[in-house]
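Read the structure below first, then the notes.
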There are 2 protein chains.
Amino acid sequence: MPVLLIGTLDTKGDELGFVRDRLQEAGIATLVVDVGSLNPPRIVPDLTREEVFRAAKTTLAEIQRQGDRGHAVTQAAAGITAIAKQFAQQGQLDGILALGGSAGTTIGTAAMRALPYGIPKIMVSTLASGQVSPFVGVRDIVMMHSVVDISGLNRLSKLVLGNAAQAMAGMVRAASETRRRAEADPKPLITATMFGVTTPCVEAGRAILESHGYEVLTFHATGVGGRTMEALIHDGLITGVLDVTTTELADELVGGVLTAGRDRLTAAAMKGIPQVISVGALDMVNFGPRATVPEKFRDRRFYQHNENITLMRTTPEENDQLGKEIAEKACAASGPTTIVLPLRGVSAIDAEGKPFWWPEADQALFQSIRNWISSDVKLVELDLHINDPAFATAITQELLTQLRKG
Amino acid sequence: MPVLLIGTLDTKGDELGFVRDRLQEAGIATLVVDVGSLNPPRIVPDLTREEVFRAAKTTLAEIQRQGDRGHAVTQAAAGITAIAKQFAQQGQLDGILALGGSAGTTIGTAAMRALPYGIPKIMVSTLASGQVSPFVGVRDIVMMHSVVDISGLNRLSKLVLGNAAQAMAGMVRAASETRRRAEADPKPLITATMFGVTTPCVEAGRAILESHGYEVLTFHATGVGGRTMEALIHDGLITGVLDVTTTELADELVGGVLTAGRDRLTAAAMKGIPQVISVGALDMVNFGPRATVPEKFRDRRFYQHNENITLMRTTPEENDQLGKEIAEKACAASGPTTIVLPLRGVSAIDAEGKPFWWPEADQALFQSIRNWISSDVKLVELDLHINDPAFATAITQELLTQLRKG
């Protein structure tokens, strides 16, 4: 199986050729893909730019006719992403290595982000000593700083590119051993979602699950936490999900800063793995410092968590919509799914006498879930607060029951 | 020679042990260093935290007595940096790998930034999908995203840590071959410094040097460009320096945004390699958009390069100081050093009829250099503008003459 080597061969052909030659000397099969669109490639690719743009449902001629660099980059990224995913799905991919500046990094990492965890991914980039989160996202992408521009082979670039090739060779050679060790782990993985205001529940649940031989990965509901969890589930690494803290849905709906996007709460449903869902912290939407809260929310109810975090109470109307969304996403699940409602409050500050206590808002959430849920999904209502120890015990037992059946 | 493995063994001992075991299985020697300061290490280190803090000229007891986490991290970073540098200087270091969150990343990358290019450097970090420039700096540090917290070995962390170990093993195994290829490059490296306003000079000089069999690495005088060049010279990778554009000194002196720090224009002097220095773009200090220029500069002369770049003319007084600094730094050189002055203007906008034309300011710069220079340094004054083709020819010939003598 080859390592995909990706670059714009009109500008970085010699450099990609150097990496290819080092990998081949190391006995690693390679497949060079051209993602350039301007001048002719400086080395002969195994997959041409014509094929890349075709995979993006356009043509090189069309791209060249438009002459729009940003569009060319977007289409090249779409094309190589489609190609890389197809290789990976067919088990035909040992690794992926790209090199480039801003365009090449955009194109190469787009393909890498679409691939499962564990497949070696190296991006040699002029941008690797800066803000890399748009490129790395939630993935195990290795960013390697090129130090100097990737333009010409010289003593320094040969050191950097040589190390990139050998790092890839090392990972590929030991890939089956790396996988075996990871999979030999006797403990199946459970993911759980937490916020400060749901910590007692999740920590108690985690202890119970660990005592039953599971490993629990806890994700903070910060947007990136939820996204990472969904990605892990997609990749088939997760055995069950204790989704206590679905609050990121509120940030997505209302416009808070900690959204995990529209696909939150979909991966477990799609993969058909056991999941227990609750409504933790759906009383709040997150903003930064008070001054950053949009003017349109002026009349809402706020709680200043600290000077950098401002929480805004969700309304009955918003909770009605959130309940519908949760029910619908749960109903779409192909695996065992339970929703558990804590009728006495969904967060540490949503309890009698606390700042976000608003029974009508919580009721709107609960009632909407009852209205929209189908009989495929089990609904459990508990006259408890989310952080009552009995609630943690109940949801964890529910998940353990699902797991035993599965 | 071993690979240094660095982590806080009170919190990440198991994880570092996993990496160590994989490297040892791959036949790579390891040396585990504990940089923690709280609880006892979870695995036995080869170098203890006591030794690390001693290398920072403090003690573990003192660190624990103070109980200041930030201070502990700073001291651990200083200790491991001193240790790593010593290993590298003795040729006793095959690679360096660290893992951690914010503290571990601060500590591990501090040591990596102190090491020469080419020595394999891998940082497995929870922060590797964010702003990494303080960690990577101008170095060839590989940042590997841990995806999940580095707390416990599980299916996912074993994939990521296993790949990190194998990437290091691959680089170390082929290290001599990687070095051989880099050093086998028949073309010695020259570095040159450029700005948009000195491009004609540098491009012409580059063409001449390339025609004489040199490879020219051009750095933009953006602060990071100058810093990278100084680091490369320090590491012994550079044969000669055409330092046309010393403008970063003005940003450092006056307070512009593109400073390369106080050590700019020192590495070539310290290493004793041939250098030709000019005063390109010393007519300007760089700021961002006009609104970001500090109020104290209100009455100065400005030129709006574009909406994001505001240039400020240096004054005769500032130029007098800059001339002294350049002369002093040149005089400190142990190798052949020439300063070449373009008497008709130092940048594209410092010429008769152009916005930064101010003969008194340029004269202050030139006269200060004449005043402070010693007889060890050759001074060449040309009645030319910096971008006159004859100026590029003259400075390049000067460097070629130095190189032939060397």
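Here's how to read the names in the structure tokens: chain A, B, ... by the order shown, residue numbers from 1 in each chain, ligand numbers from 1 in the order shown.
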
Tell me the residues of chain A close to chain B, meaning within 8 Å using only C-alpha atoms, as a VMD selection string. chain A and resid 117 to 118 120 128 to 148 154 to 160 162 to 164 166 to 171 174 to 175 178 to 179 181 to 183 185 187 189 215 217 228 237

I'd like the contact shell of region 34-44 of chain B - 8 Å cut-off, only C-alpha atoms, skipping same-chain residues fewer than 2 positions apart - returned as a list in words. Ile6, Gly7, Thr8, Leu9, Asp10, Thr11, Lys12, Gly13, Asp14, Gly17, Val32, Asp46, Leu47, Thr48, Arg49, Val52, Leu60, Ile63, Gln64, Ala72, Ala76, Ile80 and Ile107 of chain B

Within 10 Å of region 190-193 of chain A, counting only C-alpha atoms, which residues show up once you throw out same-chain ones fewer than 4 positions away? Write them as a PDB file with C-alpha atoms, in the first residue's frame, please.
```pdb
ATOM      1  CA  THR A 198     -21.922  18.817  35.157  1.00  0.00           C
ATOM      2  CA  THR A 199     -18.619  17.590  36.554  1.00  0.00           C
ATOM      3  CA  VAL A 202     -19.634  12.788  34.784  1.00  0.00           C
ATOM      4  CA  GLU A 203     -16.915  12.056  37.326  1.00  0.00           C
ATOM      5  CA  GLY A 205     -20.281   8.011  36.023  1.00  0.00           C
ATOM      6  CA  ARG A 206     -16.670   7.667  34.934  1.00  0.00           C
ATOM      7  CA  LEU A 209     -17.648   2.673  34.133  1.00  0.00           C
ATOM      8  CA  GLU A 210     -13.967   2.250  34.971  1.00  0.00           C
ATOM      9  CA  TYR A 214     -14.053   0.460  30.528  1.00  0.00           C
ATOM     10  CA  GLU A 215     -11.679   3.315  29.705  1.00  0.00           C
ATOM     11  CA  VAL A 216     -13.451   6.661  29.741  1.00  0.00           C
ATOM     12  CA  LEU A 217     -12.341   9.581  27.545  1.00  0.00           C
ATOM     13  CA  THR A 218     -13.906  12.740  28.893  1.00  0.00           C
ATOM     14  CA  PHE A 219     -14.423  15.652  26.532  1.00  0.00           C
ATOM     15  CA  HIS A 220     -15.123  19.177  27.640  1.00  0.00           C
ATOM     16  CA  ALA A 221     -18.054  20.691  25.786  1.00  0.00           C
ATOM     17  CA  THR A 222     -15.930  23.456  24.312  1.00  0.00           C
ATOM     18  CA  GLY A 225     -14.248  18.665  22.562  1.00  0.00           C
ATOM     19  CA  GLY A 226     -17.533  17.694  20.977  1.00  0.00           C
ATOM     20  CA  MET A 229     -15.579  13.005  20.205  1.00  0.00           C
ATOM     21  CA  GLU A 230     -17.756  12.841  17.095  1.00  0.00           C
ATOM     22  CA  LEU A 232     -13.460   9.406  17.196  1.00  0.00           C
ATOM     23  CA  ILE A 233     -16.859   7.750  17.085  1.00  0.00           C
ATOM     24  CA  LEU A 237     -12.755   3.695  18.050  1.00  0.00           C
ATOM     25  CA  ILE A 238     -15.564   4.062  20.584  1.00  0.00           C
ATOM     26  CA  THR A 239     -17.686   1.360  22.206  1.00  0.00           C
ATOM     27  CA  GLY A 240     -20.289   3.504  23.926  1.00  0.00           C
ATOM     28  CA  VAL A 241     -21.208   7.126  24.601  1.00  0.00           C
ATOM     29  CA  LEU A 242     -22.306   8.819  27.819  1.00  0.00           C
ATOM     30  CA  ASP A 243     -23.392  12.102  26.315  1.00  0.00           C
ATOM     31  CA  VAL A 244     -24.282  13.887  29.535  1.00  0.00           C
ATOM     32  CA  THR A 245     -23.496  17.399  28.344  1.00  0.00           C
ATOM     33  CA  THR A 246     -25.143  18.253  25.045  1.00  0.00           C
ATOM     34  CA  THR A 247     -24.869  22.006  25.677  1.00  0.00           C
ATOM     35  CA  PRO A 274     -24.906   2.376  22.440  1.00  0.00           C
ATOM     36  CA  GLN A 275     -25.526   5.905  23.664  1.00  0.00           C
ATOM     37  CA  VAL A 276     -27.136   7.469  26.671  1.00  0.00           C
ATOM     38  CA  ILE A 277     -27.995  11.119  26.121  1.00  0.00           C
ATOM     39  CA  SER A 278     -28.839  13.751  28.683  1.00  0.00           C
ATOM     40  CA  GLY A 280     -26.520  18.770  30.644  1.00  0.00           C
ATOM     41  CA  LEU A 399     -25.368   2.504  29.385  1.00  0.00           C
TER      42      LEU A 399
END
```
